[in-house]
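J.: Please see the structure below; I have some questions.
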Amino acid sequence: MLGKTFLTLSLLAAFAAQAQTTGAPASSPAKKELVARILKAQQPAIEALARGLVERPALEIMGSAAQALPARVAKDKQEQVAKDIQGDIQKYVDDAVPVVQKRAVALSPSTIGAVLEDKFSEDELKQIATSLENPALVKYQSTVPVMQQALGEKLVAETRPQIEPKVHALEDQVGKRLGITPQAAGGPAAPAPAGKAKK
């Protein structure tokens with residue numbers, strides 16, 4: 001898998017180098033300036049992408065830890081261990097997010113910017129930059145997280161009665177396939193006897 005990925009990246013690099021040396025149109029200073037304006041307007045989205053990349057493994061680790069906690073830690077210590085894990089995850093996020101965000105912003109001209117310069121005319125870039133810099137759009141984009149949170153909270157509250165039983169049924173079904181018996185009320189899941197798990 002890694003070899004295939006390396007080969008693909010090598011081929012892409014070769015094609016990019018060939019395109020640069022075989023008549024790829026040079027970008028004008030005006031296009032570069034317009035792309036810089038677009039990237040500046042899109043910096044919050046670029047930083048959000050970077051944050052998401054950093055948080056994804058943290059969320060996966062937190063989910064795995066939450067599942068393992070009841071089986072691995074004494075009941076009287078679970079709350080403190082959970083808090084410690086949350087602290088570890090927050091420290092990771094606090095340390096890693098600025099590094100990845102800074103690098104994402106630095107890479108954006110050679111990645112996103114290169115695509116913009118290649119795929120859009122100067123006139124199109126001017127229209128995009130003007131649109132993204134529109135004060136009403138800037139204000140709208142700044143309120144998107146608030147709107148998404150409001151929708152998410154209401155959506156979860158109103159669909160929980162229909163969705164929660166489906167989630168529990170899915171967990172039970174996956175558990176059965178893995179040879180884990182469904183949890184008794186409040187108790188940890190017990191593995192099914194080895195003879196019954198295999199068919």
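Simple scheme: letters A, B, ... for chains in structure tokens order, numbers from 1 for residues in each chain, numbers from 1 for ligands in the order shown.
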Can you tell me which residues surround range 110-114 of chain A at a distance of at most 8 Å, considering only C-alpha atoms, apart from same-chain residues fewer than 6 positions away, and format the answer as a ChimeraX atom specification?
T.: /A:35-36,39
J.: Generate a file of the selected residues that holds N, CA and C atoms, formatted as a compact mmCIF listing (two decimals), in the first residue's frame.
T.:
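Output contents, as saved in again02.txt:
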```
# COMPACT_ATOMS: atom_id res chain seq x y z
N VAL A 35 -5.30 35.57 -6.10
CA VAL A 35 -5.26 34.31 -5.36
C VAL A 35 -4.90 34.58 -3.90
N ALA A 36 -3.97 35.48 -3.65
CA ALA A 36 -3.60 35.83 -2.28
C ALA A 36 -4.80 36.39 -1.52
N LEU A 39 -7.10 33.43 -0.74
CA LEU A 39 -6.55 32.61 0.34
C LEU A 39 -6.70 33.31 1.68
```
J.: Would you mind listing what lies within 12 Å of Ser108 in chain A as an mmCIF file with N, CA and C atoms, in the first residue's frame, with only C-alpha atoms counted and same-chain residues fewer than 4 positions away left out?
T.:
```cif
data_model
loop_
_atom_site.group_PDB
_atom_site.id
_atom_site.type_symbol
_atom_site.label_atom_id
_atom_site.label_comp_id
_atom_site.auth_asym_id
_atom_site.auth_seq_id
_atom_site.Cartn_x
_atom_site.Cartn_y
_atom_site.Cartn_z
ATOM 1 N N VAL A 35 -5.297 35.572 -6.101
ATOM 2 C CA VAL A 35 -5.259 34.310 -5.362
ATOM 3 C C VAL A 35 -4.904 34.576 -3.903
ATOM 4 N N ALA A 36 -3.967 35.477 -3.653
ATOM 5 C CA ALA A 36 -3.601 35.827 -2.277
ATOM 6 C C ALA A 36 -4.803 36.387 -1.519
ATOM 7 N N ILE A 38 -7.957 35.704 -2.152
ATOM 8 C CA ILE A 38 -8.880 34.577 -1.926
ATOM 9 C C ILE A 38 -8.391 33.727 -0.756
ATOM 10 N N LEU A 39 -7.095 33.432 -0.742
ATOM 11 C CA LEU A 39 -6.554 32.610 0.340
ATOM 12 C C LEU A 39 -6.697 33.306 1.685
ATOM 13 N N LYS A 40 -6.505 34.615 1.707
ATOM 14 C CA LYS A 40 -6.679 35.363 2.957
ATOM 15 C C LYS A 40 -8.128 35.268 3.434
ATOM 16 N N GLN A 42 -10.155 32.910 2.792
ATOM 17 C CA GLN A 42 -10.452 31.519 3.121
ATOM 18 C C GLN A 42 -9.597 30.975 4.265
ATOM 19 N N GLN A 43 -8.762 31.807 4.860
ATOM 20 C CA GLN A 43 -7.883 31.321 5.923
ATOM 21 C C GLN A 43 -8.643 30.653 7.070
ATOM 22 N N ALA A 45 -11.322 28.890 6.930
ATOM 23 C CA ALA A 45 -11.715 27.559 6.465
ATOM 24 C C ALA A 45 -10.502 26.633 6.397
ATOM 25 N N ILE A 46 -9.360 27.173 5.974
ATOM 26 C CA ILE A 46 -8.128 26.386 5.905
ATOM 27 C C ILE A 46 -7.718 25.957 7.317
ATOM 28 N N GLU A 47 -7.813 26.887 8.261
ATOM 29 C CA GLU A 47 -7.468 26.572 9.648
ATOM 30 C C GLU A 47 -8.452 25.565 10.244
ATOM 31 N N LEU A 49 -10.008 23.214 8.556
ATOM 32 C CA LEU A 49 -9.621 21.935 7.977
ATOM 33 C C LEU A 49 -8.454 21.329 8.761
ATOM 34 N N ALA A 50 -7.457 22.151 9.058
ATOM 35 C CA ALA A 50 -6.293 21.683 9.812
ATOM 36 C C ALA A 50 -6.712 21.205 11.199
ATOM 37 N N GLN A 101 -2.140 24.152 11.727
ATOM 38 C CA GLN A 101 -2.770 25.321 11.107
ATOM 39 C C GLN A 101 -1.734 26.219 10.424
ATOM 40 N N LYS A 102 -0.626 26.466 11.110
ATOM 41 C CA LYS A 102 0.417 27.317 10.539
ATOM 42 C C LYS A 102 0.949 26.708 9.241
ATOM 43 N N ARG A 103 1.144 25.383 9.253
ATOM 44 C CA ARG A 103 1.661 24.717 8.059
ATOM 45 C C ARG A 103 0.617 24.716 6.944
ATOM 46 N N ALA A 104 -0.647 24.541 7.288
ATOM 47 C CA ALA A 104 -1.712 24.551 6.275
ATOM 48 C C ALA A 104 -1.775 25.899 5.571
ATOM 49 N N ILE A 112 -3.704 25.053 -2.936
ATOM 50 C CA ILE A 112 -4.970 25.680 -3.333
ATOM 51 C C ILE A 112 -4.702 26.810 -4.329
ATOM 52 N N GLY A 113 -3.711 27.632 -4.027
ATOM 53 C CA GLY A 113 -3.387 28.756 -4.907
ATOM 54 C C GLY A 113 -3.009 28.310 -6.300
ATOM 55 N N ALA A 114 -2.218 27.243 -6.394
ATOM 56 C CA ALA A 114 -1.806 26.735 -7.708
ATOM 57 C C ALA A 114 -3.012 26.261 -8.513
ATOM 58 N N VAL A 115 -3.948 25.594 -7.849
ATOM 59 C CA VAL A 115 -5.158 25.127 -8.540
ATOM 60 C C VAL A 115 -5.981 26.323 -9.013
ATOM 61 N N LEU A 116 -6.142 27.320 -8.151
ATOM 62 C CA LEU A 116 -6.908 28.508 -8.521
ATOM 63 C C LEU A 116 -6.286 29.206 -9.734
#
```
J.: In Å, with one decimal, what is the gap from CA of Arg51 in chain A to CA of Gln67 in chain A?
T.: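 Between these atoms lies a distance of 24.4 Å.
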J.: Go through A:Ile163, A:Ala150, A:Leu34, A:Val100 one by one, measure the shortest atom-to-atom distance of each to Gly52 in chain A using only C-alpha atoms, and give the residue with the smallest value.
T.: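 Among the listed residues, the smallest separation from Gly52 in chain A belongs to A:Val100.
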J.: Interatomic distance between CA of Ile128 in chain A and CA of Ala30 in chain A?
T.: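 Between these atoms lies a distance of 13.8 Å.
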J.: Give me the residues near Gln90 in chain A as number ranges by chain, where near means some atom within 10 Å (using only C-alpha atoms) and where sequence neighbours in that chain fewer than 6 positions away do not count.
T.: A: 55, 58, 84, 96
J.: Once you have the residues from the selection above, write them out as a compact mmCIF listing (two decimals), in the first residue's frame, restricted to N, CA and C atoms.
T.:
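Now in out06.txt:
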```txt
# COMPACT_ATOMS: atom_id res chain seq x y z
N GLU A 55 -7.97 16.89 15.20
CA GLU A 55 -8.94 16.38 16.16
C GLU A 55 -9.44 14.98 15.84
N ALA A 58 -7.75 12.26 17.75
CA ALA A 58 -8.04 12.47 19.17
C ALA A 58 -9.43 11.94 19.52
N ASP A 84 -8.45 12.52 33.34
CA ASP A 84 -7.03 12.57 32.97
C ASP A 84 -6.86 12.37 31.46
N ALA A 96 -0.91 20.54 19.05
CA ALA A 96 -0.82 20.17 17.63
C ALA A 96 -1.56 21.13 16.69
```
J.: I'd like the contact shell of Tyr92 in chain A - 12 Å cut-off, only C-alpha atoms, skipping same-chain residues fewer than 6 positions apart - returned as a count of residues only.
T.: 14
J.: How many Å lie between CA of Pro44 in chain A and CA of Val156 in chain A, rounded to one decimal?
T.: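 Computed distance, CA of Pro44 in chain A to CA of Val156 in chain A, equals 26.4 Å.
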